[in-house]
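See below for the structure under consideration.
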Amino acid sequence: MRAGSPAVYAGAAACLVLLVLPFYLDRFWLQAGLFAMAAALGAIGINLLTGATGQLSMGHAFFLAVGAYGYCAFAGDGTDGLAGLGLPGWLAAVLAVALSGVAGGVFSPIAGRLRGAYLGIATLALIFIGQHLLFNAHDLTGGYNGRAVPPLSLFGLTFDDTELLVAQVPFGAVEKLWYLGLVLLLGGVLFARGVLLGRPGRAMNAIRDHRIAAGVMGIPVARYRGAVFVLSSMYAGLAGVLLALVFQRTVPEYFGMALSLEYLAMIVIGGLGSVAGAVAGGVFVSLLPQLLNRYSDALPLVSAPGTGGIAPGEAARYLYGAAVVAVVLFLPGGLARLAARRPGKPGRGSSPETPIHTPHTPTTTEPSGEAR
């Protein structure tokens, strides 16, 4: 993007709008926006793994749980009867993200040697292991009822409901977290774009498009796969920390298989291999059930659970499931490809400034478990 171009002005206007929203929106909309930011962070992580490197992962929810519960364990002071180290909130958040990376590093040798459905099945085991631990390690996780999330403290500011007046507008926990979420999302987007536009991104795309050719060119395939898996896990851990701070309580049931499937839907709808697409898909999938729940009384066939209609959560799954099918059939590049098309040239692909990569399936049959 060149200075003075319409895209620059549009981006600046969008940033300005996002900065002033806490002064005008109520708690519901700000909380929904924070959920969307956390979803976008997690979607960027799995898009680096699946969209850019071609590695299918079904265990993304496990690493979100590691981040969320890791933060609670590091920041908790033990007054609730659960394990906690009582560390400062900012340090607990950093350690929780690092713990997610360590968990991804433990699994990375497997991720470096498997691909496709084989890796998907292997990572699916992480969900079952994680659910068992979350429900049964009561002293650490609180069991079925979960555990309360300690508020984050940073530079003397505590992100809780203690009222803070800014321009005569009271700021509570959600308003304060809004700006933290914006900073984290901006940093996550810029870092991921730097990775994809640099030499590592070209190597990842080569591995995705043809593993054997990438190995012949001297790319350490297994090492790159393992490293991207660790990076994806850290993005998931960061998203888990932000989710925990917004929810203010971690519940094991949330970090199940359905959450991993939602993240796969995000990157397919948004666009595989695109950072902007991951953000768009995360916003779409995370906001849809909240909007349906908010306006269920005014929508046909959608009603509260147990009242005879379709619950908002189920309706949301139907809708973004249909969106996945529509994208696969009619818009393989997802929302990112749609946004990248030039006006007046419907037959063209993406613009030169925003290359969109659509993974393809090699025609040769390759052994799935072989390391390169």
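In the structure tokens, each chain is lettered A, B, ... as it comes, each chain's residues begin at 1, and ligands are numbered from 1 in order of appearance.
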- Message: Could you pull out the alpha helix (DSSP H) residues of region 38-100 of chain A, going by DSSP on the backbone, and write them as a ChimeraX atom specification?
- Response: /A:38-46,60-75,89-100
Next, dump the selected residues to file, keeping only N, CA, C and O atoms, as a tab-separated table (two decimals), in the first residue's frame.
chain	number	residue	atom	x	y	z
A	38	ALA	N	-9.96	-12.44	20.16
A	38	ALA	CA	-9.32	-13.69	20.61
A	38	ALA	C	-9.44	-14.77	19.53
A	38	ALA	O	-8.47	-15.49	19.26
A	39	ALA	N	-10.62	-14.86	18.90
A	39	ALA	CA	-10.80	-15.83	17.83
A	39	ALA	C	-9.87	-15.53	16.66
A	39	ALA	O	-9.30	-16.45	16.05
A	40	ALA	N	-9.70	-14.25	16.34
A	40	ALA	CA	-8.82	-13.89	15.23
A	40	ALA	C	-7.37	-14.27	15.53
A	40	ALA	O	-6.65	-14.76	14.64
A	41	LEU	N	-6.92	-14.07	16.76
A	41	LEU	CA	-5.56	-14.48	17.13
A	41	LEU	C	-5.37	-15.98	16.96
A	41	LEU	O	-4.37	-16.44	16.39
A	42	GLY	N	-6.31	-16.75	17.47
A	42	GLY	CA	-6.21	-18.20	17.33
A	42	GLY	C	-6.29	-18.63	15.88
A	42	GLY	O	-5.60	-19.58	15.46
A	43	ALA	N	-7.13	-17.94	15.07
A	43	ALA	CA	-7.26	-18.30	13.66
A	43	ALA	C	-5.97	-18.00	12.89
A	43	ALA	O	-5.60	-18.74	11.98
A	44	ILE	N	-5.29	-16.91	13.25
A	44	ILE	CA	-4.01	-16.62	12.60
A	44	ILE	C	-3.03	-17.76	12.86
A	44	ILE	O	-2.31	-18.21	11.96
A	45	GLY	N	-3.01	-18.26	14.09
A	45	GLY	CA	-2.10	-19.35	14.42
A	45	GLY	C	-2.37	-20.61	13.62
A	45	GLY	O	-1.43	-21.21	13.05
A	46	ILE	N	-3.62	-21.03	13.55
A	46	ILE	CA	-3.90	-22.27	12.81
A	46	ILE	C	-3.79	-22.05	11.31
A	46	ILE	O	-3.53	-22.99	10.55
A	60	HIS	N	-6.31	-27.67	18.08
A	60	HIS	CA	-6.05	-26.27	18.41
A	60	HIS	C	-6.68	-25.87	19.74
A	60	HIS	O	-6.11	-25.07	20.49
A	61	ALA	N	-7.84	-26.44	20.05
A	61	ALA	CA	-8.51	-26.10	21.31
A	61	ALA	C	-7.68	-26.52	22.52
A	61	ALA	O	-7.76	-25.88	23.57
A	62	PHE	N	-6.89	-27.57	22.38
A	62	PHE	CA	-6.04	-28.01	23.48
A	62	PHE	C	-5.06	-26.91	23.88
A	62	PHE	O	-4.85	-26.64	25.07
A	63	PHE	N	-4.46	-26.25	22.91
A	63	PHE	CA	-3.47	-25.22	23.21
A	63	PHE	C	-4.13	-23.94	23.72
A	63	PHE	O	-3.52	-23.20	24.50
A	64	LEU	N	-5.36	-23.67	23.30
A	64	LEU	CA	-6.09	-22.57	23.92
A	64	LEU	C	-6.32	-22.85	25.40
A	64	LEU	O	-6.20	-21.96	26.24
A	65	ALA	N	-6.66	-24.10	25.71
A	65	ALA	CA	-6.87	-24.48	27.11
A	65	ALA	C	-5.58	-24.36	27.91
A	65	ALA	O	-5.59	-23.93	29.07
A	66	VAL	N	-4.44	-24.74	27.31
A	66	VAL	CA	-3.16	-24.61	28.00
A	66	VAL	C	-2.89	-23.15	28.34
A	66	VAL	O	-2.46	-22.82	29.45
A	67	GLY	N	-3.16	-22.25	27.39
A	67	GLY	CA	-2.96	-20.84	27.65
A	67	GLY	C	-3.88	-20.30	28.73
A	67	GLY	O	-3.45	-19.58	29.64
A	68	ALA	N	-5.16	-20.65	28.66
A	68	ALA	CA	-6.15	-20.13	29.62
A	68	ALA	C	-5.88	-20.65	31.02
A	68	ALA	O	-5.81	-19.88	31.99
A	69	TYR	N	-5.73	-21.95	31.15
A	69	TYR	CA	-5.52	-22.52	32.48
A	69	TYR	C	-4.10	-22.26	32.99
A	69	TYR	O	-3.88	-22.18	34.19
A	70	GLY	N	-3.14	-22.15	32.05
A	70	GLY	CA	-1.79	-21.80	32.48
A	70	GLY	C	-1.75	-20.43	33.11
A	70	GLY	O	-1.09	-20.22	34.14
A	71	TYR	N	-2.48	-19.47	32.52
A	71	TYR	CA	-2.54	-18.14	33.12
A	71	TYR	C	-3.17	-18.20	34.51
A	71	TYR	O	-2.67	-17.56	35.45
A	72	CYS	N	-4.25	-18.95	34.65
A	72	CYS	CA	-4.90	-19.05	35.97
A	72	CYS	C	-3.97	-19.66	37.01
A	72	CYS	O	-3.94	-19.22	38.16
A	73	ALA	N	-3.22	-20.68	36.60
A	73	ALA	CA	-2.32	-21.34	37.55
A	73	ALA	C	-1.15	-20.44	37.93
A	73	ALA	O	-0.73	-20.42	39.10
A	74	PHE	N	-0.63	-19.69	36.98
A	74	PHE	CA	0.51	-18.82	37.28
A	74	PHE	C	0.09	-17.58	38.08
A	74	PHE	O	0.82	-17.12	38.95
A	75	ALA	N	-1.10	-17.05	37.78
A	75	ALA	CA	-1.53	-15.80	38.42
A	75	ALA	C	-2.34	-16.03	39.69
A	75	ALA	O	-2.45	-15.13	40.52
A	89	GLY	N	0.29	-10.51	36.96
A	89	GLY	CA	-0.53	-10.89	35.83
A	89	GLY	C	0.20	-10.89	34.51
A	89	GLY	O	0.05	-11.81	33.70
A	90	TRP	N	1.01	-9.85	34.25
A	90	TRP	CA	1.71	-9.78	32.97
A	90	TRP	C	2.70	-10.92	32.80
A	90	TRP	O	2.84	-11.50	31.71
A	91	LEU	N	3.38	-11.28	33.92
A	91	LEU	CA	4.33	-12.39	33.85
A	91	LEU	C	3.59	-13.71	33.67
A	91	LEU	O	4.05	-14.60	32.93
A	92	ALA	N	2.45	-13.85	34.33
A	92	ALA	CA	1.66	-15.07	34.18
A	92	ALA	C	1.19	-15.24	32.74
A	92	ALA	O	1.18	-16.36	32.21
A	93	ALA	N	0.80	-14.14	32.09
A	93	ALA	CA	0.36	-14.22	30.69
A	93	ALA	C	1.51	-14.64	29.78
A	93	ALA	O	1.33	-15.49	28.89
A	94	VAL	N	2.69	-14.06	29.99
A	94	VAL	CA	3.85	-14.43	29.17
A	94	VAL	C	4.20	-15.90	29.37
A	94	VAL	O	4.47	-16.64	28.40
A	95	LEU	N	4.20	-16.34	30.62
A	95	LEU	CA	4.53	-17.74	30.89
A	95	LEU	C	3.48	-18.69	30.35
A	95	LEU	O	3.80	-19.81	29.92
A	96	ALA	N	2.22	-18.28	30.34
A	96	ALA	CA	1.16	-19.13	29.79
A	96	ALA	C	1.34	-19.32	28.29
A	96	ALA	O	1.16	-20.43	27.77
A	97	VAL	N	1.70	-18.24	27.58
A	97	VAL	CA	1.96	-18.37	26.14
A	97	VAL	C	3.18	-19.25	25.91
A	97	VAL	O	3.20	-20.09	25.00
A	98	ALA	N	4.22	-19.05	26.73
A	98	ALA	CA	5.42	-19.89	26.60
A	98	ALA	C	5.09	-21.36	26.90
A	98	ALA	O	5.62	-22.27	26.23
A	99	LEU	N	4.21	-21.60	27.88
A	99	LEU	CA	3.82	-22.98	28.19
A	99	LEU	C	3.09	-23.63	27.02
A	99	LEU	O	3.30	-24.81	26.73
A	100	SER	N	2.27	-22.85	26.33
A	100	SER	CA	1.61	-23.39	25.13
A	100	SER	C	2.64	-23.74	24.07
A	100	SER	O	2.52	-24.77	23.38
- Item | Shell of 12 Å around Val268 (chain A), only C-alpha atoms, local chain residues under 5 positions omitted, as a ChimeraX atom specification | /A:43-44,46-47,50-51,261-263,273-275,277-282,284-285,320-329,331-337,358-359
Neighbours of Ser286 (chain A) within 8 Å (only C-alpha atoms; same-chain residues fewer than 6 positions away dropped), as a PDB file with N, CA, C and O atoms, in the first residue's frame?
ATOM      1  N   ALA A  32     -18.398  -8.849  22.814  1.00  0.00           N
ATOM      2  CA  ALA A  32     -18.431  -9.586  21.549  1.00  0.00           C
ATOM      3  C   ALA A  32     -17.201  -9.266  20.704  1.00  0.00           C
ATOM      4  O   ALA A  32     -16.615 -10.153  20.062  1.00  0.00           O
ATOM      5  N   PHE A  35     -14.226 -11.185  22.092  1.00  0.00           N
ATOM      6  CA  PHE A  35     -14.267 -12.585  21.674  1.00  0.00           C
ATOM      7  C   PHE A  35     -13.781 -12.725  20.231  1.00  0.00           C
ATOM      8  O   PHE A  35     -13.069 -13.672  19.890  1.00  0.00           O
ATOM      9  N   ALA A  36     -14.174 -11.761  19.384  1.00  0.00           N
ATOM     10  CA  ALA A  36     -13.739 -11.791  17.996  1.00  0.00           C
ATOM     11  C   ALA A  36     -12.225 -11.595  17.889  1.00  0.00           C
ATOM     12  O   ALA A  36     -11.560 -12.242  17.066  1.00  0.00           O
ATOM     13  N   ALA A  39     -10.617 -14.856  18.902  1.00  0.00           N
ATOM     14  CA  ALA A  39     -10.796 -15.832  17.834  1.00  0.00           C
ATOM     15  C   ALA A  39      -9.871 -15.534  16.665  1.00  0.00           C
ATOM     16  O   ALA A  39      -9.301 -16.453  16.050  1.00  0.00           O
TER      17      ALA A  39
END
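Considering the residues A:Met234, A:Leu197, A:Ala316, A:Ala122 and counting only C-alpha atoms, Gly59 (chain A) has its shortest atom-to-atom contact with A:Ala122.
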For Gly104 (chain A), please output as a compact mmCIF listing (two decimals) with all heavy atoms, in the first residue's frame all residues within 7 Å (counting only C-alpha atoms; exclusion window: fewer than 2 positions along the same chain).
# COMPACT_ATOMS: atom_id res chain seq x y z
N SER A 100 2.27 -22.85 26.33
CA SER A 100 1.61 -23.39 25.13
C SER A 100 2.64 -23.74 24.07
O SER A 100 2.52 -24.77 23.38
CB SER A 100 0.62 -22.36 24.58
OG SER A 100 -0.39 -22.06 25.51
N GLY A 101 3.67 -22.90 23.92
CA GLY A 101 4.73 -23.21 22.99
C GLY A 101 5.50 -24.46 23.37
O GLY A 101 5.86 -25.27 22.51
N VAL A 102 5.73 -24.65 24.68
CA VAL A 102 6.41 -25.87 25.14
C VAL A 102 5.56 -27.09 24.84
O VAL A 102 6.07 -28.14 24.40
CB VAL A 102 6.72 -25.76 26.65
CG1 VAL A 102 7.20 -27.09 27.20
CG2 VAL A 102 7.76 -24.68 26.91
N VAL A 106 6.66 -30.23 22.50
CA VAL A 106 6.65 -31.65 22.85
C VAL A 106 6.02 -32.47 21.74
O VAL A 106 6.44 -33.59 21.44
CB VAL A 106 5.90 -31.85 24.18
CG1 VAL A 106 5.70 -33.33 24.47
CG2 VAL A 106 6.67 -31.20 25.32
N PHE A 107 4.99 -31.89 21.11
CA PHE A 107 4.29 -32.60 20.04
C PHE A 107 4.93 -32.37 18.67
O PHE A 107 4.60 -33.06 17.71
CB PHE A 107 2.83 -32.15 19.99
CG PHE A 107 1.92 -33.06 19.21
CD1 PHE A 107 1.40 -34.20 19.79
CD2 PHE A 107 1.60 -32.76 17.90
CE1 PHE A 107 0.56 -35.04 19.07
CE2 PHE A 107 0.76 -33.60 17.17
CZ PHE A 107 0.25 -34.74 17.76
N SER A 108 5.85 -31.41 18.55
CA SER A 108 6.39 -31.03 17.25
C SER A 108 7.14 -32.15 16.52
O SER A 108 7.10 -32.18 15.28
CB SER A 108 7.31 -29.81 17.40
OG SER A 108 8.42 -30.10 18.22
N PHE A 229 4.38 -25.53 13.96
CA PHE A 229 3.45 -26.08 14.94
C PHE A 229 3.63 -25.41 16.29
O PHE A 229 2.65 -25.09 16.98
CB PHE A 229 3.66 -27.60 15.07
CG PHE A 229 2.56 -28.31 15.78
CD1 PHE A 229 1.45 -28.78 15.10
CD2 PHE A 229 2.60 -28.50 17.16
CE1 PHE A 229 0.42 -29.43 15.75
CE2 PHE A 229 1.58 -29.14 17.83
CZ PHE A 229 0.48 -29.60 17.12
N VAL A 230 4.86 -25.16 16.69
CA VAL A 230 5.12 -24.45 17.95
C VAL A 230 4.59 -23.03 17.88
O VAL A 230 3.93 -22.54 18.82
CB VAL A 230 6.63 -24.45 18.26
CG1 VAL A 230 6.92 -23.57 19.48
CG2 VAL A 230 7.11 -25.87 18.53
N SER A 233 0.89 -23.02 18.17
CA SER A 233 0.49 -23.29 19.55
C SER A 233 0.60 -22.04 20.42
O SER A 233 -0.25 -21.80 21.29
CB SER A 233 1.37 -24.40 20.13
OG SER A 233 1.29 -25.56 19.34
- Query: Hey, which of A:Arg223, A:His132, A:Arg147, A:His138 ends up closest to Val251 (chain A)? Count only C-alpha atoms.
  - Reply: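 Distance minimum relative to Val251 (chain A) lands on A:Arg147.
Closest approach to Gly271 (chain A) from the set A:Leu338, A:Met204, A:Ala148, A:Leu21 is made by A:Leu338, with distances taken over only C-alpha atoms.
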- Among the residues A:Val149, A:Gly33, A:Leu18, A:Pro289, the one that comes closest to Leu82 (chain A) [using only C-alpha atoms]: A:Val149
- Query: Which residue out of A:Leu119, A:Val166, A:Val8, A:Ala111 has the minimum interatomic distance to Phe23 (chain A) when only C-alpha atoms are used?
  - Reply: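 Of the candidates, the smallest distance to Phe23 (chain A) is held by A:Val166.
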- Note on the structure: Closest of A:Ile110, A:Ala103, A:Leu140, A:Val302 to Gly84 (chain A), counting only C-alpha atoms, is A:Leu140
- What is the distance between CA of Gly188 (chain A) and CA of Lys176 (chain A), in Å to one decimal? 18.9 Å
- Message: Residues within 10 Å of Glu314 (chain A), please, as JSON, numbers by chain. Count only C-alpha atoms; anything in the same chain fewer than 3 positions from it doesn't count.
- Response: {"A": [289, 292, 302, 305, 310, 311, 317, 318, 319]}
Could you dump the residues just selected with N, CA and C atoms as a PDB file, in the first residue's frame?
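Below is the file that was written, part20.pdb:
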ATOM      1  N   PRO A 289     -22.887 -16.532  16.515  1.00  0.00           N
ATOM      2  CA  PRO A 289     -23.764 -17.036  17.584  1.00  0.00           C
ATOM      3  C   PRO A 289     -24.163 -15.980  18.590  1.00  0.00           C
ATOM      4  N   LEU A 292     -26.989 -13.971  16.972  1.00  0.00           N
ATOM      5  CA  LEU A 292     -28.217 -14.758  16.946  1.00  0.00           C
ATOM      6  C   LEU A 292     -28.840 -14.849  18.327  1.00  0.00           C
ATOM      7  N   VAL A 302     -35.491 -19.289  15.338  1.00  0.00           N
ATOM      8  CA  VAL A 302     -34.439 -19.221  16.348  1.00  0.00           C
ATOM      9  C   VAL A 302     -35.061 -18.789  17.666  1.00  0.00           C
ATOM     10  N   PRO A 305     -32.956 -22.052  24.084  1.00  0.00           N
ATOM     11  CA  PRO A 305     -32.959 -23.509  24.231  1.00  0.00           C
ATOM     12  C   PRO A 305     -34.138 -23.993  25.071  1.00  0.00           C
ATOM     13  N   ILE A 310     -34.878 -23.538  17.186  1.00  0.00           N
ATOM     14  CA  ILE A 310     -33.452 -23.854  17.077  1.00  0.00           C
ATOM     15  C   ILE A 310     -32.683 -22.919  17.985  1.00  0.00           C
ATOM     16  N   ALA A 311     -31.834 -23.487  18.834  1.00  0.00           N
ATOM     17  CA  ALA A 311     -31.032 -22.668  19.729  1.00  0.00           C
ATOM     18  C   ALA A 311     -30.066 -21.812  18.922  1.00  0.00           C
ATOM     19  N   ARG A 317     -24.040 -22.760  13.983  1.00  0.00           N
ATOM     20  CA  ARG A 317     -23.266 -23.855  13.378  1.00  0.00           C
ATOM     21  C   ARG A 317     -23.823 -24.209  12.003  1.00  0.00           C
ATOM     22  N   TYR A 318     -25.145 -24.214  11.869  1.00  0.00           N
ATOM     23  CA  TYR A 318     -25.730 -24.479  10.556  1.00  0.00           C
ATOM     24  C   TYR A 318     -25.298 -23.421   9.541  1.00  0.00           C
ATOM     25  N   LEU A 319     -25.308 -22.167   9.966  1.00  0.00           N
ATOM     26  CA  LEU A 319     -25.022 -21.075   9.039  1.00  0.00           C
ATOM     27  C   LEU A 319     -23.561 -21.059   8.616  1.00  0.00           C
TER      28      LEU A 319
END
- Query: Please, what distance in Å, to one decimal, runs between CA of Ala83 (chain A) and CA of Gly256 (chain A)?
  - Reply: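 Taking CA of Ala83 (chain A) and CA of Gly256 (chain A), their separation equals 22.7 Å.
CA of Leu114 (chain A) sits 12.4 Å away from CA of Thr53 (chain A).
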